[in-house]
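See below for the structure under consideration.
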Amino acid sequence: MRYDVILMDIDNTLLDFDAGTRDSLRALLARFGLELTAEREARFHVLNNVLWQQYERGEIEKNVIFETRFAQFLGEMDVFMDPLEANEAYAEGLRHSAVLMPHCRELLDALRGRCRLFAVTNGVVTTQLPRLEQSGLNACFEQVFISEAMGCKKPEPEFFDKCFAAMGPVDKSRCLLLGDSLTSDMQGGRNAGIATCLLGKPTDDPRCDYVIQDLLELLPLLD
């Protein structure tokens, strides 16, 4: 095989983060008699993504995301709720969301026994671990690396240095990182000196060695 060590992002790569967000936001807004419209959902993603990208660049700490996103989102609708309380309600909804991305199970079943599999995520420990357990995906990985527990994050080289130290000896030329983010996954792979595969829309971004639109398209790339 060309690649036999696969590092996999979780949100919107293996688990459908957008589906979990939709359900959590719907429940939160229902407290105030509001509906979750497509426009409101899109607006939340814009606000949330800006904050996460600032975090990835080292411009803010992770707690700023949790303190800010609902202050902005709810404030724009003239809804006033303690932002940390709103964030906890949202996070509680996410903990119970374990919707698999299309063909996730088929991919992992095909890779089982052929590759060493590791999960790499910038998510929150108390959110990601319950989701992996509920979905059964935790059994697919040798180890799960969560930035919050490691004290560093994708795309920082230190994050991947710690991952490789924990994995034991590996040949980086046989490692591949699969994810949906250019800024954390593809840039992280570049920083780590390993090949990258973007799950997403076609792009000629130089940080991507491969681009796929379906998880099963990964399989022929490995051989």
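Each chain in the structure tokens gets a letter, A, B and so on, in the order shown; residues start at 1 in every chain, and ligands are counted from 1 in the order they appear.
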
message: Env of His96 of chain A: 12 Å cut, atoms = only C-alpha atoms, seq-sep filter 4 positions within chain, self excluded. Answer as a VMD selection string.
response: chain A and resid 15 17 19 to 21 23 to 24 89 to 92 126 to 135

For the residues in that selection, give me N, CA and C atoms as a PDB file, in the first residue's frame.
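Result file part_34.pdb:
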```pdb
ATOM      1  N   LEU A  15     -18.212  12.288  11.104  1.00  0.00           N
ATOM      2  CA  LEU A  15     -19.509  12.571  11.711  1.00  0.00           C
ATOM      3  C   LEU A  15     -20.070  13.870  11.140  1.00  0.00           C
ATOM      4  N   PHE A  17     -21.278  17.001  11.430  1.00  0.00           N
ATOM      5  CA  PHE A  17     -21.352  18.086  12.404  1.00  0.00           C
ATOM      6  C   PHE A  17     -22.517  19.024  12.093  1.00  0.00           C
ATOM      7  N   ALA A  19     -25.419  18.366  10.820  1.00  0.00           N
ATOM      8  CA  ALA A  19     -26.687  17.796  11.272  1.00  0.00           C
ATOM      9  C   ALA A  19     -26.850  17.987  12.776  1.00  0.00           C
ATOM     10  N   GLY A  20     -25.778  17.766  13.526  1.00  0.00           N
ATOM     11  CA  GLY A  20     -25.843  17.959  14.969  1.00  0.00           C
ATOM     12  C   GLY A  20     -26.070  19.404  15.334  1.00  0.00           C
ATOM     13  N   THR A  21     -25.410  20.304  14.634  1.00  0.00           N
ATOM     14  CA  THR A  21     -25.606  21.735  14.871  1.00  0.00           C
ATOM     15  C   THR A  21     -27.040  22.134  14.596  1.00  0.00           C
ATOM     16  N   ASP A  23     -29.822  20.371  14.742  1.00  0.00           N
ATOM     17  CA  ASP A  23     -30.735  19.904  15.782  1.00  0.00           C
ATOM     18  C   ASP A  23     -30.548  20.692  17.075  1.00  0.00           C
ATOM     19  N   SER A  24     -29.294  20.982  17.419  1.00  0.00           N
ATOM     20  CA  SER A  24     -29.018  21.708  18.655  1.00  0.00           C
ATOM     21  C   SER A  24     -29.526  23.140  18.595  1.00  0.00           C
ATOM     22  N   ALA A  89     -25.992  24.524  26.423  1.00  0.00           N
ATOM     23  CA  ALA A  89     -27.191  23.885  25.887  1.00  0.00           C
ATOM     24  C   ALA A  89     -26.923  23.345  24.480  1.00  0.00           C
ATOM     25  N   TYR A  90     -26.230  24.128  23.694  1.00  0.00           N
ATOM     26  CA  TYR A  90     -25.860  23.712  22.335  1.00  0.00           C
ATOM     27  C   TYR A  90     -24.933  22.496  22.381  1.00  0.00           C
ATOM     28  N   ALA A  91     -23.918  22.541  23.239  1.00  0.00           N
ATOM     29  CA  ALA A  91     -22.962  21.447  23.345  1.00  0.00           C
ATOM     30  C   ALA A  91     -23.637  20.165  23.825  1.00  0.00           C
ATOM     31  N   GLU A  92     -24.613  20.305  24.722  1.00  0.00           N
ATOM     32  CA  GLU A  92     -25.335  19.126  25.205  1.00  0.00           C
ATOM     33  C   GLU A  92     -26.077  18.454  24.059  1.00  0.00           C
ATOM     34  N   THR A 126     -15.379  16.640  25.953  1.00  0.00           N
ATOM     35  CA  THR A 126     -16.675  16.215  26.468  1.00  0.00           C
ATOM     36  C   THR A 126     -17.752  16.162  25.391  1.00  0.00           C
ATOM     37  N   THR A 127     -17.442  16.660  24.214  1.00  0.00           N
ATOM     38  CA  THR A 127     -18.361  16.531  23.079  1.00  0.00           C
ATOM     39  C   THR A 127     -17.937  15.390  22.170  1.00  0.00           C
ATOM     40  N   GLN A 128     -16.661  15.338  21.824  1.00  0.00           N
ATOM     41  CA  GLN A 128     -16.217  14.370  20.829  1.00  0.00           C
ATOM     42  C   GLN A 128     -16.247  12.927  21.328  1.00  0.00           C
ATOM     43  N   LEU A 129     -15.803  12.681  22.547  1.00  0.00           N
ATOM     44  CA  LEU A 129     -15.761  11.295  23.018  1.00  0.00           C
ATOM     45  C   LEU A 129     -17.143  10.658  23.093  1.00  0.00           C
ATOM     46  N   PRO A 130     -18.182  11.351  23.625  1.00  0.00           N
ATOM     47  CA  PRO A 130     -19.514  10.734  23.607  1.00  0.00           C
ATOM     48  C   PRO A 130     -20.027  10.461  22.194  1.00  0.00           C
ATOM     49  N   ARG A 131     -19.742  11.354  21.261  1.00  0.00           N
ATOM     50  CA  ARG A 131     -20.194  11.153  19.886  1.00  0.00           C
ATOM     51  C   ARG A 131     -19.515   9.945  19.253  1.00  0.00           C
ATOM     52  N   LEU A 132     -18.216   9.800  19.492  1.00  0.00           N
ATOM     53  CA  LEU A 132     -17.506   8.648  18.944  1.00  0.00           C
ATOM     54  C   LEU A 132     -18.014   7.344  19.554  1.00  0.00           C
ATOM     55  N   GLU A 133     -18.310   7.390  20.847  1.00  0.00           N
ATOM     56  CA  GLU A 133     -18.814   6.180  21.515  1.00  0.00           C
ATOM     57  C   GLU A 133     -20.199   5.813  21.006  1.00  0.00           C
ATOM     58  N   GLN A 134     -21.094   6.800  20.901  1.00  0.00           N
ATOM     59  CA  GLN A 134     -22.450   6.523  20.430  1.00  0.00           C
ATOM     60  C   GLN A 134     -22.462   5.977  19.010  1.00  0.00           C
ATOM     61  N   SER A 135     -21.575   6.491  18.181  1.00  0.00           N
ATOM     62  CA  SER A 135     -21.524   6.057  16.784  1.00  0.00           C
ATOM     63  C   SER A 135     -20.797   4.732  16.613  1.00  0.00           C
TER      64      SER A 135
END
```

- prompt: Mind checking DSSP for segment 154-217 of chain A and telling me the strand (DSSP E or B) residues as a list in words?
  reply: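 Matching residues for strand (DSSP E or B) in segment 154-217 of chain A are Cys175, Leu176, Leu177, Leu178, Gly179, Ala195, Thr196, Cys197, Leu198, Leu199, Tyr210, Val211 and Ile212 of chain A.
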
- prompt: Just how far from atom CA of Pro83 of chain A is atom CA of Leu100 of chain A, in Å to one decimal?
  reply: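 Calculated distance between atom CA of Leu100 of chain A and atom CA of Pro83 of chain A is 28.7 Å.
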
task: Would you please work out which residue, of A:Val125, A:Leu221, A:Met150, A:Val5, is nearest to Gly113 of chain A when using only C-alpha atoms?
output: A:Val5

message: Can you tell me which residues surround Cys208 of chain A at a distance of at most 8 Å, considering only C-alpha atoms, apart from same-chain residues fewer than 4 positions away, and format the answer as a PyMOL selection string?
response: chain A and resi 182+186+195-198+204

Find the residues around Leu199 of chain A up to 12 Å (only C-alpha atoms counted), leave out those fewer than 5 positions away in its own chain, and share them as a PDB file with N, CA and C atoms, in the first residue's frame.
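Final output, selection-v6.pdb:
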```pdb
ATOM      1  N   MET A   8      -7.475  10.846  10.608  1.00  0.00           N
ATOM      2  CA  MET A   8      -8.784  11.282  10.145  1.00  0.00           C
ATOM      3  C   MET A   8      -9.374  12.350  11.052  1.00  0.00           C
ATOM      4  N   ASP A   9      -9.769  13.450  10.453  1.00  0.00           N
ATOM      5  CA  ASP A   9     -10.563  14.446  11.154  1.00  0.00           C
ATOM      6  C   ASP A   9     -11.924  13.829  11.494  1.00  0.00           C
ATOM      7  N   ILE A  10     -12.649  14.441  12.419  1.00  0.00           N
ATOM      8  CA  ILE A  10     -13.956  13.903  12.813  1.00  0.00           C
ATOM      9  C   ILE A  10     -15.111  14.705  12.224  1.00  0.00           C
ATOM     10  N   ASP A  11     -15.197  15.999  12.545  1.00  0.00           N
ATOM     11  CA  ASP A  11     -16.382  16.782  12.176  1.00  0.00           C
ATOM     12  C   ASP A  11     -16.445  17.059  10.683  1.00  0.00           C
ATOM     13  N   ASN A  12     -17.570  16.679  10.095  1.00  0.00           N
ATOM     14  CA  ASN A  12     -17.838  16.809   8.662  1.00  0.00           C
ATOM     15  C   ASN A  12     -16.846  16.034   7.807  1.00  0.00           C
ATOM     16  N   THR A  13     -16.159  15.090   8.447  1.00  0.00           N
ATOM     17  CA  THR A  13     -15.355  14.111   7.726  1.00  0.00           C
ATOM     18  C   THR A  13     -15.918  12.718   8.003  1.00  0.00           C
ATOM     19  N   LEU A  14     -16.047  12.387   9.281  1.00  0.00           N
ATOM     20  CA  LEU A  14     -16.633  11.108   9.678  1.00  0.00           C
ATOM     21  C   LEU A  14     -18.027  11.273  10.268  1.00  0.00           C
ATOM     22  N   MET A 101     -21.300  10.521   8.347  1.00  0.00           N
ATOM     23  CA  MET A 101     -21.204  11.033   6.993  1.00  0.00           C
ATOM     24  C   MET A 101     -21.442   9.885   6.012  1.00  0.00           C
ATOM     25  N   PRO A 102     -21.918  10.193   4.805  1.00  0.00           N
ATOM     26  CA  PRO A 102     -22.181   9.129   3.825  1.00  0.00           C
ATOM     27  C   PRO A 102     -20.960   8.238   3.593  1.00  0.00           C
ATOM     28  N   CYS A 104     -19.265   6.523   5.593  1.00  0.00           N
ATOM     29  CA  CYS A 104     -18.255   6.478   6.654  1.00  0.00           C
ATOM     30  C   CYS A 104     -18.036   5.052   7.135  1.00  0.00           C
ATOM     31  N   LEU A 177      -3.356  12.332   5.805  1.00  0.00           N
ATOM     32  CA  LEU A 177      -4.343  13.000   6.648  1.00  0.00           C
ATOM     33  C   LEU A 177      -5.582  13.288   5.824  1.00  0.00           C
ATOM     34  N   LEU A 178      -6.736  12.820   6.296  1.00  0.00           N
ATOM     35  CA  LEU A 178      -8.028  13.041   5.647  1.00  0.00           C
ATOM     36  C   LEU A 178      -8.842  14.030   6.467  1.00  0.00           C
ATOM     37  N   GLY A 179      -9.335  15.087   5.831  1.00  0.00           N
ATOM     38  CA  GLY A 179     -10.148  16.054   6.547  1.00  0.00           C
ATOM     39  C   GLY A 179     -10.902  16.962   5.592  1.00  0.00           C
ATOM     40  N   ASP A 180     -11.736  17.827   6.164  1.00  0.00           N
ATOM     41  CA  ASP A 180     -12.576  18.702   5.341  1.00  0.00           C
ATOM     42  C   ASP A 180     -12.125  20.162   5.378  1.00  0.00           C
ATOM     43  N   SER A 181     -11.109  20.484   6.150  1.00  0.00           N
ATOM     44  CA  SER A 181     -10.697  21.876   6.344  1.00  0.00           C
ATOM     45  C   SER A 181      -9.347  22.151   5.701  1.00  0.00           C
ATOM     46  N   LEU A 182      -9.289  23.201   4.890  1.00  0.00           N
ATOM     47  CA  LEU A 182      -8.019  23.628   4.324  1.00  0.00           C
ATOM     48  C   LEU A 182      -7.095  24.186   5.406  1.00  0.00           C
ATOM     49  N   ASP A 185      -6.776  21.010   8.607  1.00  0.00           N
ATOM     50  CA  ASP A 185      -6.363  19.674   8.175  1.00  0.00           C
ATOM     51  C   ASP A 185      -5.297  19.706   7.091  1.00  0.00           C
ATOM     52  N   MET A 186      -5.581  20.377   5.993  1.00  0.00           N
ATOM     53  CA  MET A 186      -4.619  20.381   4.890  1.00  0.00           C
ATOM     54  C   MET A 186      -3.350  21.135   5.283  1.00  0.00           C
ATOM     55  N   CYS A 208      -3.400  20.532  -0.821  1.00  0.00           N
ATOM     56  CA  CYS A 208      -4.103  19.261  -1.017  1.00  0.00           C
ATOM     57  C   CYS A 208      -3.346  18.377  -1.998  1.00  0.00           C
ATOM     58  N   ASP A 209      -2.971  17.186  -1.579  1.00  0.00           N
ATOM     59  CA  ASP A 209      -2.427  16.204  -2.523  1.00  0.00           C
ATOM     60  C   ASP A 209      -3.540  15.523  -3.291  1.00  0.00           C
ATOM     61  N   TYR A 210      -4.669  15.316  -2.617  1.00  0.00           N
ATOM     62  CA  TYR A 210      -5.820  14.681  -3.245  1.00  0.00           C
ATOM     63  C   TYR A 210      -7.080  15.417  -2.802  1.00  0.00           C
ATOM     64  N   VAL A 211      -8.114  15.351  -3.633  1.00  0.00           N
ATOM     65  CA  VAL A 211      -9.424  15.894  -3.283  1.00  0.00           C
ATOM     66  C   VAL A 211     -10.466  14.859  -3.674  1.00  0.00           C
ATOM     67  N   ILE A 212     -11.358  14.526  -2.740  1.00  0.00           N
ATOM     68  CA  ILE A 212     -12.433  13.578  -3.012  1.00  0.00           C
ATOM     69  C   ILE A 212     -13.760  14.188  -2.590  1.00  0.00           C
ATOM     70  N   GLN A 213     -14.834  13.721  -3.211  1.00  0.00           N
ATOM     71  CA  GLN A 213     -16.165  14.184  -2.845  1.00  0.00           C
ATOM     72  C   GLN A 213     -16.948  13.120  -2.079  1.00  0.00           C
ATOM     73  N   ASP A 214     -16.454  11.914  -2.058  1.00  0.00           N
ATOM     74  CA  ASP A 214     -17.100  10.806  -1.352  1.00  0.00           C
ATOM     75  C   ASP A 214     -16.015  10.015  -0.627  1.00  0.00           C
ATOM     76  N   LEU A 215     -16.305   9.586   0.583  1.00  0.00           N
ATOM     77  CA  LEU A 215     -15.296   8.896   1.382  1.00  0.00           C
ATOM     78  C   LEU A 215     -14.750   7.637   0.710  1.00  0.00           C
ATOM     79  N   LEU A 216     -15.579   6.946  -0.049  1.00  0.00           N
ATOM     80  CA  LEU A 216     -15.101   5.719  -0.679  1.00  0.00           C
ATOM     81  C   LEU A 216     -14.078   5.994  -1.779  1.00  0.00           C
ATOM     82  N   GLU A 217     -14.000   7.230  -2.233  1.00  0.00           N
ATOM     83  CA  GLU A 217     -12.988   7.579  -3.224  1.00  0.00           C
ATOM     84  C   GLU A 217     -11.588   7.540  -2.623  1.00  0.00           C
ATOM     85  N   LEU A 218     -11.494   7.469  -1.316  1.00  0.00           N
ATOM     86  CA  LEU A 218     -10.181   7.366  -0.684  1.00  0.00           C
ATOM     87  C   LEU A 218      -9.512   6.025  -0.984  1.00  0.00           C
TER      88      LEU A 218
END
```

- request: Enumerate as a PyMOL selection string all residues of segment 115-167 of chain A assigned to helix (DSSP H, G or I) by DSSP on the backbone, naming them with the chain letters and numbers the document uses.
  value: chain A and resi 125-135+137-140+147-150+157-167

task: Write out as a PyMOL selection string which residues come within 9 Å of Leu29 of chain A when counting only C-alpha atoms, dropping same-chain ones fewer than 6 positions away.
output: chain A and resi 35-36+74

Spatial neighbours of Arg43 of chain A, 12 Å, only C-alpha atoms, chain gap at least 2 places, as a list in words: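 The contact residues come out as Arg22, Leu25, Leu36, Thr37, Ala38, Glu39, Arg40, Glu41, His45, Val46, Leu47, Asn48, Asn49, Val50, Arg69, Phe70, Gln72, Phe73, Leu74, Glu76 and Met77 of chain A.
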
I need the residues from that last selection saved to file as an mmCIF file, in the first residue's frame (with C-alpha atoms), if you can.
```cif
data_model
loop_
_atom_site.group_PDB
_atom_site.id
_atom_site.type_symbol
_atom_site.label_atom_id
_atom_site.label_comp_id
_atom_site.auth_asym_id
_atom_site.auth_seq_id
_atom_site.Cartn_x
_atom_site.Cartn_y
_atom_site.Cartn_z
ATOM 1 C CA ARG A 22 -28.973 21.981 13.144
ATOM 2 C CA LEU A 25 -29.804 25.169 17.319
ATOM 3 C CA LEU A 36 -34.401 27.738 12.870
ATOM 4 C CA THR A 37 -34.520 29.058 9.331
ATOM 5 C CA ALA A 38 -31.933 28.299 6.676
ATOM 6 C CA GLU A 39 -30.746 31.902 6.953
ATOM 7 C CA ARG A 40 -30.275 31.657 10.717
ATOM 8 C CA GLU A 41 -28.441 28.360 10.414
ATOM 9 C CA HIS A 45 -21.981 28.820 10.709
ATOM 10 C CA VAL A 46 -20.446 32.080 9.485
ATOM 11 C CA LEU A 47 -19.993 33.402 13.025
ATOM 12 C CA ASN A 48 -18.758 30.054 14.331
ATOM 13 C CA ASN A 49 -16.308 29.441 11.486
ATOM 14 C CA VAL A 50 -14.729 32.884 11.815
ATOM 15 C CA ARG A 69 -20.572 32.857 19.297
ATOM 16 C CA PHE A 70 -23.941 32.855 21.041
ATOM 17 C CA GLN A 72 -23.346 37.369 18.604
ATOM 18 C CA PHE A 73 -25.842 34.878 17.189
ATOM 19 C CA LEU A 74 -28.635 35.399 19.700
ATOM 20 C CA GLU A 76 -28.604 39.616 16.345
ATOM 21 C CA MET A 77 -32.132 38.277 16.990
#
```
